[in-house]
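Here the structure comes first, spelled out in structure tokens, and everything after it is commentary.
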Amino acid sequence: MTATTEDRPGVLPAKQDWLVLLDHFGAAALGGLAAGFLVGGLGGRLAMFILRVTSDDRVIGIQSDDDFTIGRISTDSIFLIAATTLIGTLLAFAYLLVRRWLPESRRPLQAALFFGLVGGAAVIKPDGVDFTLLSPLWLAVVLFVALPATYGWLMARIVEGLIARPGRLRKARVAGIIGFAVVGFFGLMTVIIAVVGMVLVLIGRRWPAVAAAVTHPVPTWIVRFVLMVIAGISLQELLIDASEIL
């Protein structure tokens, strides 16, 4: 039997390869948009509202650490929700890049732990408005660790769920990619990610041994070690900052 173009190694990827790539990119786009909007956007504003209610009235009108005017609803709120949504999508593409090196079981839990530590360390600062004027301080710390952790869990759940169901919600996935791509700097990032993805597909088709080496135990444990180091450093920083605040 004569081999078809799709069966021969060293040729351009077949249509199915591109559809798989599209499905994966779309899964990251939808997972990031949904988690970024619900948790980072609406969840972040809800957390600030809770802290506003539990704090003294003198905090009203003060700019928070994320430039949100405490106690006031304005166009700044819409901008912040949009920004957290887009940042959440960018982080979902980063998760898509490294997920192959993570243990398959409980990936959402791993993402929750990593984003909770790194995000909490990045946001919680002893000299910030959110952690000096708002009260109770322990609640502020808990909320701003829980938010990135919840984002990581929800984003990974959506991404893994969609990847496990290729072809499902494909139009929505395409719409998510397009929506993310048309927004300035994030559009450039999408192009870069797409190019990297296409290169990886080409490598997989032309040099299967190289593609297989990516998931070899050595690079797998190197990536895991790097992620654990980042999480460990973030945990140390988070504990130090939290101890100063509390």
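Labels used: A, B, ... for chains in the order of the structure tokens, numbers from 1 for residues in each chain, and numbers from 1 for ligands as shown.
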### Message
as a ChimeraX atom specification, please: the residues near Ile222 of chain A (cut-off 12 Å, only C-alpha atoms, same-chain neighbours under 6 positions excluded).
### Response
/A:98,101-102,214-216,228-229
### Query
Out of segment 23-152 of chain A, which residues get helix (DSSP H, G or I) from DSSP, as an NGL selection string?
:A and (23-54 or 57-59 or 75-101 or 107-123 or 129-131 or 137-152)
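Shortest atom-to-atom contact with Ile78 of chain A among A:Leu30, A:Val223, A:Ala146, A:Leu42: A:Leu42, counting only C-alpha atoms.
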#### Entry: Minimum-distance residue to Asp241 of chain A, chosen among A:Gly40, A:Gly161, A:Gly152, A:Pro126 (using only C-alpha atoms)
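Between A:Gly40, A:Gly161, A:Gly152, A:Pro126, the residue approaching Asp241 of chain A most closely is A:Pro126.
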### Message
Which residue is closest to Pro217 of chain A? Choose from A:Pro103, A:Ser77, A:Lys171, A:Gly41 and count only C-alpha atoms.
### Response
A:Pro103
### Task
Identify, on the basis of only C-alpha atoms, every residue whose closest approach to Leu227 of chain A does not exceed 12 Å; exclude the query and any residue fewer than 6 positions from it along the same chain; express the result as a list in words.
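Those residues are Tyr95, Val98, Arg99, Trp101, Leu102, Gln110, Ala111, Leu113, Phe114, Phe115, Leu117, Val118, Thr220, Trp221, Ile233 and Ser234 of chain A.
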